[in-house]
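Engineer: I am attaching a structure below and will ask some questions about it afterwards.
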Amino acid sequence: MSVNLLDLDGAQLTGFVVGLGEKPFRARQLKRWMHRFGESDFARMSDLAKSLREKLVGTASVLPPRIVSDSVAGDGTRKWLLDVGKGNAVDAVFIPETNRGTLCISTQAGCTLACQFCSTGRQGFNRNLSVAEIIGQLWLANRELGSIPGGERVISNVVLMGMGEPLLNFDNTVSALKLMIDQDAYGLSRRRVTLSTSGIVPMIDRLREECPVALAVSLHAPNDALRDRLMPINRKYPLAELLAACCRYLERAPRDFITFEYVMLEGVNDTEEHAHQLADLVSRIPCKINLIPFNPFPNSGFVRSPRRVIDRFSEILNAAGIVTTTRKTRGDEIDAACGQLAGKIQDRTRRSPNLEGMTP
């Protein structure tokens with residue numbers, strides 16, 4: 001059976017090459033060809049030994065997910081819908097800016113967490129993505145965007161903010177992260193790779209030990225009662241436990257702050273009182289707050305907070321000494337904005353998430 005080499009991190013690739021009877025350094029060459037140069041044809045990997053190329057043809061392949069559709073918004077945001085098999089498709093989104101290009105990638109086909117304001121959460125959950133399906137989004141985006149080996153990098157930042165909860169697909173996510181920061185693969189700085197989590201406390205601690213990258217936490221409420229309603233995961237890992245985990249994470253984080261994400265929902269979590277509560281909640285944690293205007297999707301039941309309300313919320317936080325920004329909505333006309341990613345998921349759960357069964 002052919003091995004998809006995109007499924008292998010650096011150590012696994014070395015083991016595979018040695019298992020073929022080749023020297024370990026050949027794995028570095030192979031990794032560069034696949035990830036740095038985006039090559040999938042072994043015959044084109046010119047500095048590989050001919051014997052290895054012949055062995056690879058019979059035993060291995062480089063297979064990213066298949067592109068189902070490719071949409072471009074007026075602001076240049078580009079969304080790919082990617083086939084991950086058995087009726088499931090996930091989204092990857094590229095966001096171009098003046099001084100950087102950010103790729104938002106998915107880690108699960110669907111999501112178990114059922115956050116009330118998220119389109120993905122309404123789709124149900126099918127399965128975790130493989131390493132090849134996660135890193136394959138970056139591999140494909142580089143190819144589609146015309147990245148030139150040795151030239152200026154088109155994708156400068158990667159955010160794991162697409163479909164799914166990355167920390168509930170921990171092993172595959174970490175293998176993909178290691179490839180992203182590997183100098184023989186994509187060579188991204190840990191500071192330029194951001195994992196966004198809804199707050200799986202034990203896995204935040206594991207990430208701190210195994211592969212600390214920049215961390216963003218989906219907060220979205222300043223107290224447990226409201227967060228319980230908006231994000232059921234809070235019933236298992238309430239705010240006090242989550243914030244303590246964030247403090248521990250900072251001991252090894254590549255950045256000296258945590259980003260807290262806060263979606264602005266009219267009449268739900270956007271009052272001045274909520275802003276003051278939020279300021280008190282995070283006052284002892286080095287952090288930045290990113291306010292996210294809610295991006296509508298059918299039957300969501302929520303409305304975006306008016307701009308004046310968002311501005312006032314931001315003013316209160318900034319006055320409390322907390323650096324606060326408001327995210328610019330990008331790609332909403334192609335459903336590529338934050339919270340809109342839905343893909344196509346064959347739901348295996350058809351139920352509320354079983355929080356008692358979520359201990360890793």
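A note on labels: chains of the structure tokens are A, B, ... as shown, every chain counts residues from 1, and ligands are counted from 1 in their shown order.
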Set the distance at 10 Å and use only C-alpha atoms: which residues neighbour Glu144 of chain A once local chain neighbours fewer than 4 positions away are removed? I'd like the list as a list in words.

Structural biologist: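 My list of contacting residues is Asp70, Trp80, Leu138, Trp139 and Leu140 of chain A.
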
Engineer: Write the residues of the selection above to a file with N, CA, C and O atoms, as a short mmCIF file (atom, residue, chain, number, x, y, z; two decimals), in the first residue's frame.

Structural biologist:
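Output contents, as saved in selection-v5.cif:
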```
data_model
loop_
_atom_site.label_atom_id
_atom_site.label_comp_id
_atom_site.auth_asym_id
_atom_site.auth_seq_id
_atom_site.Cartn_x
_atom_site.Cartn_y
_atom_site.Cartn_z
N ASP A 70 -12.88 26.85 -5.87
CA ASP A 70 -11.88 27.88 -5.61
C ASP A 70 -12.58 29.23 -5.83
O ASP A 70 -12.96 29.55 -6.95
N TRP A 80 -10.66 27.91 -0.65
CA TRP A 80 -10.70 26.62 -1.31
C TRP A 80 -11.57 25.66 -0.51
O TRP A 80 -11.45 25.57 0.72
N LEU A 138 -1.72 23.82 3.42
CA LEU A 138 -0.61 24.75 3.21
C LEU A 138 0.14 24.40 1.93
O LEU A 138 0.52 25.28 1.15
N TRP A 139 0.36 23.11 1.70
CA TRP A 139 1.04 22.64 0.50
C TRP A 139 0.29 23.11 -0.75
O TRP A 139 0.89 23.67 -1.69
N LEU A 140 -1.02 22.91 -0.76
CA LEU A 140 -1.83 23.29 -1.90
C LEU A 140 -1.87 24.81 -2.09
O LEU A 140 -1.77 25.31 -3.22
#
```

Engineer: Please provide the set of residues having any atom within 6 Å of Arg78 of chain A, restricted to only C-alpha atoms, with same-chain residues fewer than 5 positions apart removed, written as a ChimeraX atom specification.

Structural biologist: /A:71-72,93-94

Engineer: I need the chosen residues saved as a PDB file, in the first residue's frame, with all heavy atoms.

Structural biologist:
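As written to disk, again17.pdb reads:
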```pdb
ATOM      1  N   SER A  71     -12.787  30.000  -4.737  1.00  0.00           N
ATOM      2  CA  SER A  71     -13.533  31.255  -4.819  1.00  0.00           C
ATOM      3  C   SER A  71     -12.652  32.415  -4.396  1.00  0.00           C
ATOM      4  O   SER A  71     -11.848  32.297  -3.466  1.00  0.00           O
ATOM      5  CB  SER A  71     -14.762  31.209  -3.906  1.00  0.00           C
ATOM      6  OG  SER A  71     -15.545  30.056  -4.157  1.00  0.00           O
ATOM      7  N   VAL A  72     -12.801  33.542  -5.070  1.00  0.00           N
ATOM      8  CA  VAL A  72     -12.033  34.746  -4.744  1.00  0.00           C
ATOM      9  C   VAL A  72     -12.993  35.896  -4.498  1.00  0.00           C
ATOM     10  O   VAL A  72     -13.873  36.179  -5.330  1.00  0.00           O
ATOM     11  CB  VAL A  72     -11.050  35.109  -5.873  1.00  0.00           C
ATOM     12  CG1 VAL A  72     -10.227  36.345  -5.475  1.00  0.00           C
ATOM     13  CG2 VAL A  72     -10.117  33.935  -6.184  1.00  0.00           C
ATOM     14  N   VAL A  93      -8.620  29.186   3.807  1.00  0.00           N
ATOM     15  CA  VAL A  93      -8.818  30.564   3.346  1.00  0.00           C
ATOM     16  C   VAL A  93      -7.491  31.320   3.381  1.00  0.00           C
ATOM     17  O   VAL A  93      -6.780  31.297   4.396  1.00  0.00           O
ATOM     18  CB  VAL A  93      -9.852  31.303   4.228  1.00  0.00           C
ATOM     19  CG1 VAL A  93     -10.002  32.751   3.783  1.00  0.00           C
ATOM     20  CG2 VAL A  93     -11.201  30.588   4.186  1.00  0.00           C
ATOM     21  N   PHE A  94      -7.166  32.005   2.277  1.00  0.00           N
ATOM     22  CA  PHE A  94      -5.982  32.862   2.211  1.00  0.00           C
ATOM     23  C   PHE A  94      -6.418  34.318   2.263  1.00  0.00           C
ATOM     24  O   PHE A  94      -7.300  34.746   1.510  1.00  0.00           O
ATOM     25  CB  PHE A  94      -5.197  32.608   0.926  1.00  0.00           C
ATOM     26  CG  PHE A  94      -4.021  33.537   0.758  1.00  0.00           C
ATOM     27  CD1 PHE A  94      -2.933  33.456   1.610  1.00  0.00           C
ATOM     28  CD2 PHE A  94      -4.021  34.501  -0.241  1.00  0.00           C
ATOM     29  CE1 PHE A  94      -1.855  34.322   1.468  1.00  0.00           C
ATOM     30  CE2 PHE A  94      -2.952  35.372  -0.392  1.00  0.00           C
ATOM     31  CZ  PHE A  94      -1.855  35.276   0.468  1.00  0.00           C
TER      32      PHE A  94
END
```

Engineer: Which residue is closest to Leu30 of chain A? Choose from A:Leu265, A:Ala109, A:Ala185, A:Val3 and count only C-alpha atoms.

Structural biologist: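 Distance minimum relative to Leu30 of chain A lands on A:Ala185.
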
Engineer: Just the number, please: distance in Å from atom CA of Glu39 of chain A to atom CA of Arg143 of chain A, one decimal.

Structural biologist: 9.1 Å

Engineer: Would you mind reading off the distance between atom CA of Thr14 of chain A and atom CA of Ala141 of chain A, one decimal, in Å?

Structural biologist: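 Distance between the two atoms: 25.2 Å.
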
Engineer: Just asking: which residues within segment 94-247 of chain A are alpha helix (DSSP H) according to DSSP, as number ranges by chain?

Structural biologist: A: 119-122, 131-144, 170-181, 201-210, 224-230, 239-247

Engineer: Set the distance at 8 Å and use only C-alpha atoms: which residues neighbour segment 210-218 of chain A once local chain neighbours fewer than 5 positions away are removed? I'd like the list as a short mmCIF file (atom, residue, chain, number, x, y, z; two decimals) with all heavy atoms, in the first residue's frame.

Structural biologist:
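For reference, around.cif as written:
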```cif
data_model
loop_
_atom_site.label_atom_id
_atom_site.label_comp_id
_atom_site.auth_asym_id
_atom_site.auth_seq_id
_atom_site.Cartn_x
_atom_site.Cartn_y
_atom_site.Cartn_z
N VAL A 174 -0.23 18.63 16.00
CA VAL A 174 1.15 18.91 16.40
C VAL A 174 2.14 18.43 15.34
O VAL A 174 3.12 19.12 15.05
CB VAL A 174 1.46 18.28 17.78
CG1 VAL A 174 2.96 18.26 18.05
CG2 VAL A 174 0.73 19.06 18.87
N LEU A 177 2.07 21.11 12.81
CA LEU A 177 2.76 22.29 13.32
C LEU A 177 4.27 22.14 13.21
O LEU A 177 4.98 23.08 12.83
CB LEU A 177 2.37 22.55 14.78
CG LEU A 177 0.97 23.05 15.07
CD1 LEU A 177 0.72 23.12 16.57
CD2 LEU A 177 0.73 24.41 14.44
N LYS A 178 4.77 20.96 13.54
CA LYS A 178 6.22 20.74 13.48
C LYS A 178 6.75 20.88 12.06
O LYS A 178 7.87 21.36 11.85
CB LYS A 178 6.55 19.37 14.08
CG LYS A 178 6.38 19.32 15.59
CD LYS A 178 6.70 17.93 16.16
CE LYS A 178 6.58 17.92 17.67
NZ LYS A 178 6.81 16.57 18.25
N ARG A 190 7.68 30.31 14.93
CA ARG A 190 6.62 29.95 15.88
C ARG A 190 5.71 31.14 16.15
O ARG A 190 4.53 30.97 16.44
CB ARG A 190 7.22 29.48 17.20
CG ARG A 190 7.93 28.13 17.13
CD ARG A 190 8.53 27.79 18.49
NE ARG A 190 9.36 26.59 18.43
CZ ARG A 190 8.92 25.37 18.68
NH1 ARG A 190 7.66 25.18 19.03
NH2 ARG A 190 9.72 24.33 18.61
N ARG A 191 6.25 32.35 16.07
CA ARG A 191 5.46 33.55 16.31
C ARG A 191 4.45 33.79 15.20
O ARG A 191 3.47 34.52 15.40
CB ARG A 191 6.39 34.77 16.40
CG ARG A 191 7.31 34.76 17.61
CD ARG A 191 8.34 35.88 17.51
NE ARG A 191 7.71 37.18 17.35
CZ ARG A 191 7.33 37.95 18.36
NH1 ARG A 191 7.50 37.55 19.61
NH2 ARG A 191 6.79 39.14 18.13
N ARG A 192 4.69 33.20 14.03
CA ARG A 192 3.82 33.42 12.88
C ARG A 192 2.86 32.25 12.62
O ARG A 192 2.20 32.21 11.60
CB ARG A 192 4.66 33.71 11.63
CG ARG A 192 5.37 35.05 11.71
CD ARG A 192 6.15 35.35 10.45
NE ARG A 192 6.70 36.70 10.46
CZ ARG A 192 6.09 37.78 10.01
NH1 ARG A 192 4.87 37.68 9.49
NH2 ARG A 192 6.67 38.96 10.04
N VAL A 193 2.85 31.31 13.54
CA VAL A 193 1.89 30.22 13.49
C VAL A 193 1.02 30.31 14.74
O VAL A 193 1.53 30.26 15.85
CB VAL A 193 2.59 28.85 13.43
CG1 VAL A 193 1.56 27.72 13.42
CG2 VAL A 193 3.49 28.75 12.20
N THR A 194 -0.28 30.49 14.54
CA THR A 194 -1.19 30.71 15.67
C THR A 194 -2.24 29.61 15.72
O THR A 194 -2.92 29.35 14.73
CB THR A 194 -1.89 32.07 15.55
OG1 THR A 194 -0.92 33.11 15.50
CG2 THR A 194 -2.82 32.30 16.74
N LEU A 195 -2.35 28.99 16.88
CA LEU A 195 -3.40 27.99 17.11
C LEU A 195 -4.50 28.63 17.92
O LEU A 195 -4.25 29.23 18.97
CB LEU A 195 -2.82 26.77 17.82
CG LEU A 195 -3.79 25.61 18.09
CD1 LEU A 195 -3.07 24.27 17.99
CD2 LEU A 195 -4.46 25.73 19.46
N SER A 196 -5.73 28.50 17.43
CA SER A 196 -6.89 29.04 18.13
C SER A 196 -7.67 27.90 18.78
O SER A 196 -8.00 26.92 18.11
CB SER A 196 -7.78 29.81 17.16
OG SER A 196 -8.96 30.26 17.81
N THR A 197 -7.94 28.03 20.05
CA THR A 197 -8.67 26.99 20.78
C THR A 197 -9.85 27.57 21.54
O THR A 197 -9.82 28.73 21.96
CB THR A 197 -7.75 26.27 21.77
OG1 THR A 197 -8.52 25.29 22.51
CG2 THR A 197 -7.11 27.23 22.75
N SER A 198 -10.87 26.74 21.71
CA SER A 198 -12.02 27.13 22.53
C SER A 198 -11.75 26.93 24.01
O SER A 198 -12.56 27.34 24.84
CB SER A 198 -13.25 26.32 22.11
OG SER A 198 -13.62 26.63 20.79
N GLY A 199 -10.61 26.29 24.33
CA GLY A 199 -10.25 26.18 25.74
C GLY A 199 -10.22 24.77 26.29
O GLY A 199 -10.85 24.48 27.32
N TYR A 249 0.85 28.66 29.95
CA TYR A 249 1.32 28.60 28.57
C TYR A 249 2.32 29.70 28.27
O TYR A 249 3.29 29.50 27.53
CB TYR A 249 0.13 28.70 27.61
CG TYR A 249 0.47 28.33 26.19
CD1 TYR A 249 0.45 27.00 25.77
CD2 TYR A 249 0.83 29.30 25.25
CE1 TYR A 249 0.77 26.66 24.47
CE2 TYR A 249 1.15 28.97 23.95
CZ TYR A 249 1.12 27.64 23.57
OH TYR A 249 1.46 27.29 22.29
N ARG A 252 6.24 29.41 28.15
CA ARG A 252 7.00 28.87 27.02
C ARG A 252 6.53 29.39 25.67
O ARG A 252 7.03 28.96 24.63
CB ARG A 252 6.94 27.34 27.02
CG ARG A 252 7.57 26.72 28.25
CD ARG A 252 7.84 25.24 28.06
NE ARG A 252 8.49 24.66 29.20
CZ ARG A 252 8.87 23.40 29.28
NH1 ARG A 252 8.65 22.57 28.26
NH2 ARG A 252 9.48 22.93 30.36
N ALA A 253 5.60 30.29 25.68
CA ALA A 253 5.03 30.79 24.43
C ALA A 253 6.05 31.63 23.66
O ALA A 253 6.89 32.31 24.25
CB ALA A 253 3.79 31.63 24.72
N PRO A 254 5.99 31.59 22.32
CA PRO A 254 6.91 32.41 21.52
C PRO A 254 6.58 33.89 21.55
O PRO A 254 7.40 34.72 21.19
CB PRO A 254 6.76 31.83 20.11
CG PRO A 254 5.37 31.27 20.09
CD PRO A 254 5.12 30.75 21.47
N ARG A 255 5.37 34.22 21.95
CA ARG A 255 4.98 35.61 22.15
C ARG A 255 4.72 35.83 23.63
O ARG A 255 4.37 34.89 24.35
CB ARG A 255 3.73 35.94 21.33
CG ARG A 255 3.96 36.00 19.84
CD ARG A 255 2.70 36.38 19.11
NE ARG A 255 2.95 36.66 17.70
CZ ARG A 255 2.01 37.01 16.83
NH1 ARG A 255 0.75 37.12 17.24
NH2 ARG A 255 2.30 37.25 15.57
N ILE A 258 -1.18 36.41 25.25
CA ILE A 258 -2.22 35.55 24.68
C ILE A 258 -3.20 36.45 23.94
O ILE A 258 -3.53 37.54 24.41
CB ILE A 258 -2.97 34.79 25.79
CG1 ILE A 258 -2.02 33.91 26.61
CG2 ILE A 258 -4.11 33.93 25.20
CD1 ILE A 258 -1.44 32.73 25.89
N THR A 259 -3.68 36.00 22.80
CA THR A 259 -4.75 36.73 22.11
C THR A 259 -6.09 36.15 22.53
O THR A 259 -6.30 34.94 22.45
CB THR A 259 -4.60 36.61 20.58
OG1 THR A 259 -3.36 37.21 20.18
CG2 THR A 259 -5.76 37.34 19.88
N PHE A 260 -6.98 36.98 23.00
CA PHE A 260 -8.33 36.56 23.31
C PHE A 260 -9.26 37.05 22.21
O PHE A 260 -9.31 38.25 21.92
CB PHE A 260 -8.79 37.10 24.67
CG PHE A 260 -8.11 36.46 25.84
CD1 PHE A 260 -7.34 37.21 26.71
CD2 PHE A 260 -8.23 35.09 26.06
CE1 PHE A 260 -6.70 36.62 27.80
CE2 PHE A 260 -7.59 34.49 27.14
CZ PHE A 260 -6.82 35.24 28.01
N GLU A 261 -10.01 36.13 21.62
CA GLU A 261 -10.95 36.48 20.56
C GLU A 261 -12.34 36.64 21.17
O GLU A 261 -12.76 35.85 22.02
CB GLU A 261 -10.97 35.38 19.49
CG GLU A 261 -9.60 35.23 18.82
CD GLU A 261 -9.47 33.92 18.06
OE1 GLU A 261 -9.95 32.88 18.59
OE2 GLU A 261 -8.90 33.92 16.96
N TYR A 262 -13.06 37.66 20.70
CA TYR A 262 -14.36 37.99 21.30
C TYR A 262 -15.30 38.43 20.20
O TYR A 262 -15.17 39.53 19.65
CB TYR A 262 -14.16 39.10 22.34
CG TYR A 262 -15.31 39.31 23.29
CD1 TYR A 262 -15.27 38.74 24.57
CD2 TYR A 262 -16.41 40.08 22.95
CE1 TYR A 262 -16.32 38.95 25.48
CE2 TYR A 262 -17.45 40.28 23.83
CZ TYR A 262 -17.40 39.72 25.10
OH TYR A 262 -18.43 39.93 25.99
#
```

Engineer: Among segment 76-198 of chain A, which ones does DSSP place in strand (DSSP E), written as a PyMOL selection string?

Structural biologist: chain A and resi 78-85+88-96+101-104+108-110+125-128+157-160+193-197

Engineer: For each of A:Asp41, A:Thr326, A:Asp7, A:Phe125, take the minimum atom-to-atom distance to Thr173 of chain A, counting only C-alpha atoms, then give the residue where this is smallest.

Structural biologist: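 Under the stated criterion, the closest residue is A:Asp7.
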
Engineer: Could you give me, as a VMD selection string, the residues within 7 Å of Arg304 of chain A, counting only C-alpha atoms and dropping anything in the same chain fewer than 3 positions from it?

Structural biologist: chain A and resid 264 to 266 293 to 295

Engineer: Restricting it to N, CA, C and O atoms, dump the selection as a short mmCIF file (atom, residue, chain, number, x, y, z; two decimals), in the first residue's frame.

Structural biologist:
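Produced file result-v6.cif, reproduced below:
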```
data_model
loop_
_atom_site.label_atom_id
_atom_site.label_comp_id
_atom_site.auth_asym_id
_atom_site.auth_seq_id
_atom_site.Cartn_x
_atom_site.Cartn_y
_atom_site.Cartn_z
N MET A 264 -18.65 39.83 18.59
CA MET A 264 -19.57 40.86 19.08
C MET A 264 -20.99 40.54 18.61
O MET A 264 -21.33 40.64 17.42
N LEU A 265 -21.84 40.17 19.58
CA LEU A 265 -23.22 39.76 19.32
C LEU A 265 -24.17 40.78 19.94
O LEU A 265 -24.16 40.99 21.16
N GLU A 266 -24.98 41.39 19.11
CA GLU A 266 -25.84 42.47 19.59
C GLU A 266 -26.79 41.98 20.68
O GLU A 266 -27.51 40.99 20.52
N PRO A 293 -16.45 41.39 14.71
CA PRO A 293 -17.84 41.63 14.34
C PRO A 293 -18.46 40.32 13.84
O PRO A 293 -17.89 39.63 13.00
N PHE A 294 -19.60 39.98 14.39
CA PHE A 294 -20.25 38.71 14.03
C PHE A 294 -20.54 38.66 12.54
O PHE A 294 -21.06 39.62 11.95
N ASN A 295 -20.19 37.54 11.92
CA ASN A 295 -20.45 37.34 10.50
C ASN A 295 -21.67 36.43 10.35
O ASN A 295 -21.63 35.27 10.76
#
```

Engineer: Once you count only C-alpha atoms, what closest atom pair and distance in Å to one decimal does each residue of segment 98-207 of chain A within 10 Å of segment 48-69 of chain A have, with rows by chain and rising residue number, as JSON lines?

Structural biologist:
```
{"residue": "A:Val131", "atom": "CA", "partner": "A:Pro64", "partner_atom": "CA", "distance": 9.9}
{"residue": "A:Ala132", "atom": "CA", "partner": "A:Pro64", "partner_atom": "CA", "distance": 6.2}
{"residue": "A:Glu133", "atom": "CA", "partner": "A:Pro65", "partner_atom": "CA", "distance": 5.9}
{"residue": "A:Ile134", "atom": "CA", "partner": "A:Pro64", "partner_atom": "CA", "distance": 8.8}
{"residue": "A:Ile135", "atom": "CA", "partner": "A:Pro64", "partner_atom": "CA", "distance": 8.1}
{"residue": "A:Gly136", "atom": "CA", "partner": "A:Pro64", "partner_atom": "CA", "distance": 4.6}
{"residue": "A:Gln137", "atom": "CA", "partner": "A:Pro64", "partner_atom": "CA", "distance": 7.2}
{"residue": "A:Leu138", "atom": "CA", "partner": "A:Pro64", "partner_atom": "CA", "distance": 9.3}
{"residue": "A:Trp139", "atom": "CA", "partner": "A:Pro64", "partner_atom": "CA", "distance": 7.3}
{"residue": "A:Leu140", "atom": "CA", "partner": "A:Pro64", "partner_atom": "CA", "distance": 6.8}
```

Engineer: Limited to N, CA and C atoms, could you put the picked residues into a file as a JSON list (two decimals), in the first residue's frame?

Structural biologist:
```json
[["chain", "number", "residue", "atom", "x", "y", "z"],
["A", 131, "VAL", "N", -2.75, 14.19, 9.16],
["A", 131, "VAL", "CA", -1.65, 15.15, 9.00],
["A", 131, "VAL", "C", -1.61, 15.64, 7.55],
["A", 132, "ALA", "N", -1.75, 14.70, 6.60],
["A", 132, "ALA", "CA", -1.70, 15.07, 5.18],
["A", 132, "ALA", "C", -2.82, 16.04, 4.82],
["A", 133, "GLU", "N", -3.98, 15.89, 5.43],
["A", 133, "GLU", "CA", -5.11, 16.77, 5.13],
["A", 133, "GLU", "C", -4.93, 18.15, 5.76],
["A", 134, "ILE", "N", -4.18, 18.22, 6.87],
["A", 134, "ILE", "CA", -3.92, 19.51, 7.51],
["A", 134, "ILE", "C", -2.78, 20.23, 6.80],
["A", 135, "ILE", "N", -1.61, 19.59, 6.73],
["A", 135, "ILE", "CA", -0.46, 20.24, 6.09],
["A", 135, "ILE", "C", -0.70, 20.37, 4.59],
["A", 136, "GLY", "N", -1.54, 19.50, 4.05],
["A", 136, "GLY", "CA", -1.86, 19.55, 2.62],
["A", 136, "GLY", "C", -2.54, 20.84, 2.23],
["A", 137, "GLN", "N", -3.23, 21.49, 3.17],
["A", 137, "GLN", "CA", -3.86, 22.79, 2.88],
["A", 137, "GLN", "C", -2.79, 23.85, 2.63],
["A", 138, "LEU", "N", -1.72, 23.82, 3.42],
["A", 138, "LEU", "CA", -0.61, 24.75, 3.21],
["A", 138, "LEU", "C", 0.14, 24.40, 1.93],
["A", 139, "TRP", "N", 0.36, 23.11, 1.70],
["A", 139, "TRP", "CA", 1.04, 22.64, 0.50],
["A", 139, "TRP", "C", 0.29, 23.11, -0.75],
["A", 140, "LEU", "N", -1.02, 22.91, -0.76],
["A", 140, "LEU", "CA", -1.83, 23.29, -1.90],
["A", 140, "LEU", "C", -1.87, 24.81, -2.09]]
```

Engineer: Within 8 Å of segment 155-158 of chain A, counting only C-alpha atoms, which residues qualify if same-chain residues fewer than 6 places away don't, as a list in words?

Structural biologist: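 Close residues of segment 155-158 of chain A: Arg100, Gly101, Thr102, Leu103, Cys104, Ile105, Asn142, Leu188, Arg192, Val193 and Thr194 of chain A.
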
Engineer: Residues of the last selection are to be written out with N, CA and C atoms, as a compact mmCIF listing (two decimals), in the first residue's frame.

Structural biologist:
```txt
# COMPACT_ATOMS: atom_id res chain seq x y z
N ARG A 100 1.73 41.11 4.64
CA ARG A 100 1.75 39.69 4.97
C ARG A 100 0.61 38.97 4.27
N GLY A 101 0.72 37.66 4.23
CA GLY A 101 -0.35 36.82 3.70
C GLY A 101 -0.64 35.73 4.70
N THR A 102 -1.89 35.60 5.11
CA THR A 102 -2.27 34.66 6.16
C THR A 102 -3.14 33.55 5.59
N LEU A 103 -2.78 32.31 5.91
CA LEU A 103 -3.59 31.16 5.52
C LEU A 103 -4.30 30.62 6.74
N CYS A 104 -5.62 30.51 6.66
CA CYS A 104 -6.44 29.95 7.73
C CYS A 104 -6.80 28.52 7.35
N ILE A 105 -6.41 27.56 8.19
CA ILE A 105 -6.62 26.16 7.84
C ILE A 105 -7.49 25.44 8.85
N ASN A 142 0.29 27.06 -1.27
CA ASN A 142 1.55 27.52 -1.84
C ASN A 142 1.58 27.29 -3.35
N LEU A 188 8.46 28.43 8.93
CA LEU A 188 7.75 29.54 9.56
C LEU A 188 8.20 29.72 11.01
N ARG A 192 4.69 33.20 14.03
CA ARG A 192 3.82 33.42 12.88
C ARG A 192 2.86 32.25 12.62
N VAL A 193 2.85 31.31 13.54
CA VAL A 193 1.89 30.22 13.49
C VAL A 193 1.02 30.31 14.74
N THR A 194 -0.28 30.49 14.54
CA THR A 194 -1.19 30.71 15.67
C THR A 194 -2.24 29.61 15.72
```

Engineer: My list of candidates is A:Met163, A:Ala27, A:Ile233, A:Ala114. Which is closest to Leu82 of chain A when distances are computed with only C-alpha atoms?

Structural biologist: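 Between A:Met163, A:Ala27, A:Ile233, A:Ala114, the residue approaching Leu82 of chain A most closely is A:Met163.
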
Engineer: For Ile289 of chain A, which of A:Val90, A:Met1, A:Leu219, A:Met231 is the closest residue, counting only C-alpha atoms?

Structural biologist: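 Distance minimum relative to Ile289 of chain A lands on A:Leu219.
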
Engineer: Between atom CA of Gly15 of chain A and atom CA of Met180 of chain A, measure the distance and give it in Å to one decimal.

Structural biologist: 19.3 Å

Engineer: What lies within 9 Å of Gln346 of chain A using only C-alpha atoms, ignoring chain neighbours under 2 positions off, as a PDB file with C-alpha atoms, in the first residue's frame?

Structural biologist:
```pdb
ATOM      1  CA  LYS A  86     -16.791  10.158   2.211  1.00  0.00           C
ATOM      2  CA  GLY A  87     -18.876  13.203   1.416  1.00  0.00           C
ATOM      3  CA  ASN A  88     -16.861  15.601   3.580  1.00  0.00           C
ATOM      4  CA  ALA A 109     -14.293  17.777   9.356  1.00  0.00           C
ATOM      5  CA  GLY A 110     -16.899  19.601  11.410  1.00  0.00           C
ATOM      6  CA  GLN A 123     -22.798  21.307  10.804  1.00  0.00           C
ATOM      7  CA  GLY A 124     -22.033  18.545  13.298  1.00  0.00           C
ATOM      8  CA  PHE A 125     -18.855  16.451  13.313  1.00  0.00           C
ATOM      9  CA  ASN A 126     -17.500  13.632  11.193  1.00  0.00           C
ATOM     10  CA  LYS A 344     -19.733  19.977   3.720  1.00  0.00           C
ATOM     11  CA  ARG A 348     -21.820  11.345  12.657  1.00  0.00           C
TER      12      ARG A 348
END
```

Engineer: Of the residues A:Asp47, A:Glu22, A:Asp91, A:Glu165, which is the one nearest to Ile204 of chain A, using only C-alpha atoms?

Structural biologist: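 Selected residue with least distance to Ile204 of chain A: A:Glu165.
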
Engineer: A:Ser130, A:Thr324, A:Asn223, A:Thr98: which is nearest Asp280 of chain A, counting only C-alpha atoms?

Structural biologist: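 Of all the options, A:Asn223 lies closest to Asp280 of chain A.
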